[in-house]
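Trainee: Contents of target34.cif (mmCIF, C-alpha atoms):
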data_start
loop_
_atom_site.label_atom_id
_atom_site.label_comp_id
_atom_site.auth_asym_id
_atom_site.auth_seq_id
_atom_site.Cartn_x
_atom_site.Cartn_y
_atom_site.Cartn_z
CA MET A 27 149.40 69.44 97.38
CA VAL A 28 148.73 72.00 94.67
CA LYS A 29 151.84 73.64 93.17
CA ILE A 30 151.23 77.34 92.57
CA PRO A 31 153.50 78.86 89.91
CA ALA A 32 155.06 82.26 90.50
CA LEU A 33 152.93 84.95 88.88
CA GLU A 34 154.68 86.59 85.94
CA LEU A 35 154.51 90.35 85.41
CA ASN A 36 153.85 89.89 81.70
CA ARG A 37 150.43 88.28 82.46
CA GLN A 38 151.31 85.13 80.54
CA ASN A 39 150.43 82.74 83.35
CA TRP A 40 147.61 84.59 85.16
CA LYS A 41 144.96 82.02 84.28
CA ILE A 42 147.06 79.10 85.48
CA TYR A 43 148.16 81.02 88.59
CA CYS A 44 144.57 81.90 89.44
CA VAL A 45 143.26 78.35 89.05
CA LYS A 46 146.09 76.89 91.13
CA LEU A 47 145.70 79.53 93.84
CA LEU A 48 141.95 78.86 94.08
CA GLU A 49 142.51 75.09 94.15
CA HIS A 50 145.00 75.49 96.99
CA ALA A 51 142.69 77.85 98.88
CA ALA A 52 139.84 75.35 98.48
CA THR A 53 141.92 72.46 99.86
CA LYS A 54 142.85 74.57 102.88
CA GLY A 55 139.32 75.90 103.49
CA TRP A 56 140.30 79.50 102.71
CA LEU A 57 137.86 80.29 99.89
CA ASN A 58 135.47 82.22 102.13
CA VAL A 59 138.28 84.51 103.25
CA LEU A 60 139.55 84.95 99.70
CA ALA A 61 135.97 85.77 98.64
CA GLY A 62 135.71 88.41 101.38
CA LYS A 63 133.43 86.51 103.76
CA LEU A 64 134.33 86.69 107.44
CA ASP A 65 134.35 83.56 109.56
CA GLU A 66 135.66 82.56 112.98
CA ASP A 67 139.23 81.92 111.80
CA TRP A 68 139.36 84.87 109.42
CA GLU A 69 142.53 86.46 110.79
CA GLY A 70 144.58 83.27 110.66
CA CYS A 71 143.41 82.37 107.16
CA ASN A 72 144.01 85.93 105.97
CA ALA A 73 147.59 85.81 107.30
CA LEU A 74 148.24 82.45 105.61
CA LEU A 75 146.81 83.73 102.32
CA HIS A 76 149.05 86.80 102.55
CA LYS A 77 152.07 84.56 103.05
CA LEU A 78 151.03 82.59 99.97
CA LEU A 79 150.62 85.79 97.93
CA HIS A 80 153.97 87.08 99.18
CA ASP A 81 155.64 83.86 98.03
CA THR A 82 154.00 83.72 94.59
CA ILE A 83 153.58 87.24 93.21
CA PRO A 84 156.30 89.69 92.19
CA ILE A 85 157.48 91.84 95.10
CA SER A 86 156.83 94.98 93.04
CA ILE A 87 153.12 94.11 93.10
CA TYR A 88 153.01 92.69 96.63
CA ILE A 89 154.44 95.90 98.12
CA ARG A 90 151.34 97.77 96.94
CA LEU A 91 148.98 95.11 98.32
CA HIS A 92 150.45 93.96 101.62
CA ARG A 93 148.31 96.27 103.77
CA ASN A 94 145.07 95.06 102.22
CA THR A 95 143.15 91.98 103.24
CA ALA A 96 143.88 88.88 101.16
CA HIS A 97 140.45 89.35 99.55
CA GLN A 98 141.27 92.94 98.53
CA ALA A 99 144.72 91.91 97.29
CA PHE A 100 143.31 89.08 95.19
CA LYS A 101 140.57 91.34 93.85
CA HIS A 102 143.24 93.88 92.84
CA LEU A 103 145.26 91.16 91.10
CA ALA A 104 142.19 90.00 89.20
CA LYS A 105 141.44 93.56 88.11
CA HIS A 106 145.07 94.21 87.18
CA PHE A 107 145.19 91.00 85.15
CA CYS A 108 141.76 91.63 83.54
CA ASP A 109 139.68 88.93 85.22
CA ARG A 110 136.27 90.26 86.21
CA GLU A 111 135.01 87.31 88.28
CA PRO A 112 137.91 85.28 89.67
CA ILE A 113 135.95 83.52 92.44
CA ALA A 114 132.70 81.60 92.23
CA ASP A 115 130.40 81.65 95.25
CA PRO A 116 132.03 79.14 97.65
CA HIS A 117 128.59 78.18 98.93
CA MET A 118 127.86 76.73 95.50
CA LYS A 119 130.90 74.41 95.95
CA LYS A 120 132.52 75.25 92.68
CA LEU A 121 135.62 77.17 91.64
CA ALA A 122 135.91 79.75 88.96
CA THR A 123 138.38 78.72 86.33
CA CYS A 124 139.74 82.24 86.04
CA ALA A 125 139.64 81.75 82.30
CA ASN A 126 138.09 84.67 80.48
CA GLU A 127 136.64 83.83 77.12
CA ASP A 128 138.84 85.27 74.39
CA LYS A 129 136.88 87.89 72.56
#
As structure tokens, please, write out the structure in this file.
Mentor:
Amino acid sequence: MVKIPALELNRQNWKIYCVKLLEHAATKGWLNVLAGKLDEDWEGCNALLHKLLHDTIPISIYIRLHRNTAHQAFKHLAKHFCDREPIADPHMKKLATCANEDK
């Protein structure tokens, strides 16, 4: 099982958090939902992803995101933490590393 660290407000562990969250989502078969693609078990996966987000991000951030889909919430987190493309196309069977190149 993949251990997902709690996301820190100071952005210090965003890259690690993102990679671990995507690894966990991949092992559970939730990448399509996280990427915004609907499937037959979308509602259940979305609820489980929300529970995961609730348990791993600061409540001050989660409060603003809890009414969004898990995809929208994750997209907001990626934007907030300056990651333009946090998810690779799941149909290509690869994960984004969430690591932006330092410029």
Trainee: Excluding segment 63-77 of chain A and any residue of its chain fewer than 4 positions from it, enumerate the residues within 9 Å of it, using all atoms listed in the file, and give them as a VMD selection string.
Mentor: chain A and resid 51 54 to 59 81 to 82 92 95 to 97 99
Trainee: Between A:Leu91, A:Ile30, A:Ile85, A:Cys108, which one has atoms that come closest to Ile42 of chain A, using only C-alpha atoms?
Mentor: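 Counting only C-alpha atoms, the residue closest to Ile42 of chain A is A:Ile30.
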Trainee: Which one is closest to Gln98 of chain A: A:Met27, A:Leu60, A:Ile83, A:Leu78? Count only C-alpha atoms.
Mentor: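 Answer, going by the shortest atom-to-atom distance: A:Leu60.
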Trainee: What separation in Å, quoted to one decimal, exists between atom CA of Leu47 of chain A and atom CA of Val28 of chain A?
Mentor: 8.2 Å
Trainee: Which value, in Å to one decimal, gives the distance between atom CA of Tyr88 of chain A and atom CA of Leu103 of chain A?
Mentor: 9.6 Å
